[in-house]
Amino acid sequence: MNSPVKIKDLCFRYDINSENILNGISLEAERGEITAIMGPSGSGKSTLCYCIMGIIPHIYGGELKGKVHIFNKPVSHMKVPEIATKAGIIFQDPDTQLFSPTVEDDIAFGPENLCLERSETGRRIEKSLGLVGMDEYRYSDPGRLSGGEKQLIAIASVLSLHPEVIIFDEAMSQLDEESRHRVKSVIKELKNKGKTIITVEHENGNLDIADRLFILEDGDLLEKDINNYRTRCASV
Amino acid sequence: MDFLEFKKVDFRYNGSGQLFKNINLSISKKICTAITGSNGSGKTTLGKLMTGILKPEGGSVFLDGKDLSTVTPGQTGRKIGYLFQNPDLQIFTLSVKEELSFTHKFLGDLSENIEPEVDRMLELFHLSGLKDQVPFNLSRGERQRLALASVMMNGPDYLILDEPTTGLDSIRKKILLDILRGQLENGTGMSIISHDHDFIGDLSHRIIEINDGRLIEKDV
């Protein structure tokens, strides 16, 4: 099967003198599937996300070995704009991806850079804000929003690009129950549309929507029986 | 008068609607008070009003009997340790150990006790192996632990922790719970702003929910 995300024997270290943070890991994430990744803080979960998105090696340096492919193409050979049309990431810290004077401008930034028609950009802004329940904040200053509201806008910004692969790096960490429920519903809807979802989590309570679970620890990525980790599963 | 007192406080951000109108609040020093509420309800704003980072539009906030409008940030900082929601807002030195010792050295404390205390905090927060690292190369969870350790390092009388469990795995969350319980037993009270109901449920003596600008006492 041609998995949208295919990682084979990936090793990575930020500094040539340090130990590998990823030590020969392999992963295939499929269409219409939600893959959850858990592990202690500092174990390399965000680093793995950066490798999938091509942020490593295109932005951050280090020593990388092994294969990371998106739709059968090595991300190291793809240009960043090409990756951005196929995969999107919601970072742990929404402040790192919101930079415009209004929410509308922030969400429009991606579609405008894909040279979409203005009318299409407008439709995408409206749709993505509606999906995360933030319609009324369209003209607000993102800098004035709470941490949870910023996370919702960051999610809307990525959704507006219609990526096939979407990575949520602890993207629900600052959300209240209602917003978390809403975002989980959106993720399930994306899964049903055949999108490939990878979600980095610390909360077992968010595993109710996941299909597979991997634990990243000491540089190794091991698949676990997700049913042993599911707790307090709210029905979505 | 309690340790923290809000008297008829009004607050709004420039160009935004009224967030708080005529609110009164008393917070005791020795207990753990949880502040909850939906996204955007004003939890972080309330925390910043408690420390004088934000000034009320009307009314007054008193810390230990003194009107915060008459107190310098340095004086507030000696009483309150504040953890920002985003640890990157409070980390600025070039190494983990320097971050921990910064306040002591800044205040002119060059005693031999600093280094052992730095080592103790590094061990307590599982950061020993990272002490020479540049903080901005750490993961989000590690930066969160470093920010927490830096706040604790200064031995404040009272803690205000804004979403302290963000980025922490379950083991580190349990360790933080034990550390904060120890602080409470030693007489250091705290306000915890959080969505993590399990965490605050295990620790809090009092829960206040912010709903539509009103402060509502909830059952513990």
# chains A, B, ... in the order shown; residues from 1 in each chain; ligands from 1
>>> interface_residues(of="chain B", to="chain A", cutoff="7 Å", atoms="only C-alpha atoms", output="list in words")
Ser38, Asn39, Gly40, Ser139, Gly141, Glu142, Thr166, Gly167, Leu168, Asp169, Ser170 and His195 of chain B
>>> residues_around(residues="Gly77 (chain B)", least_positions_apart="5", cutoff="9 Å", atoms="only C-alpha atoms", output="list in words")
Thr51, Thr72, Tyr82 and Pro156 of chain B
>>> residues_around(residues="Asp88 (chain B)", least_positions_apart="4", cutoff="10 Å", atoms="only C-alpha atoms", output="list in words")
Asp93 of chain A; Phe84, Phe92, Pro135, Phe136, Arg140, Arg143, Gln144 and Ala147 of chain B
>>> atom_distance(atom1="CA of Leu124 (chain B)", atom2="CA of Ser95 (chain B)")
17.5 Å
>>> atom_distance(atom1="CA of Ile21 (chain A)", atom2="CA of Leu127 (chain B)")
16.1 Å
>>> residues_around(residues="Asp212 (chain B)", least_positions_apart="6", cutoff="9 Å", atoms="only C-alpha atoms", output="number ranges by chain")
B: 19-20, 41-42
>>> write_last_selection(atoms="C-alpha atoms", output="tab-separated table (two decimals), in the first residue's frame")
chain	number	residue	atom	x	y	z
B	19	LEU	CA	-14.41	41.42	30.66
B	20	PHE	CA	-14.94	42.05	34.40
B	41	SER	CA	-13.39	33.63	29.80
B	42	GLY	CA	-10.62	35.70	31.42
>>> residues_around(residues="Leu190 (chain A)", least_positions_apart="5", cutoff="10 Å", atoms="only C-alpha atoms", output="list in words")
Gly32, Glu33, Ile34, Leu159, His162, Glu164, Val165, Ile166, Lys184, Ser185, Lys195, Thr196 and Ile197 of chain A
>>> closest_residue(among="A:Phe12, A:Arg230, A:Phe168, A:Ser26", to="Glu63 (chain A)", atoms="only C-alpha atoms")
A:Phe12
>>> closest_residue(among="B:Asn14, B:Leu138, B:Ser191, B:Asn22", to="Pro87 (chain B)", atoms="only C-alpha atoms")
B:Leu138
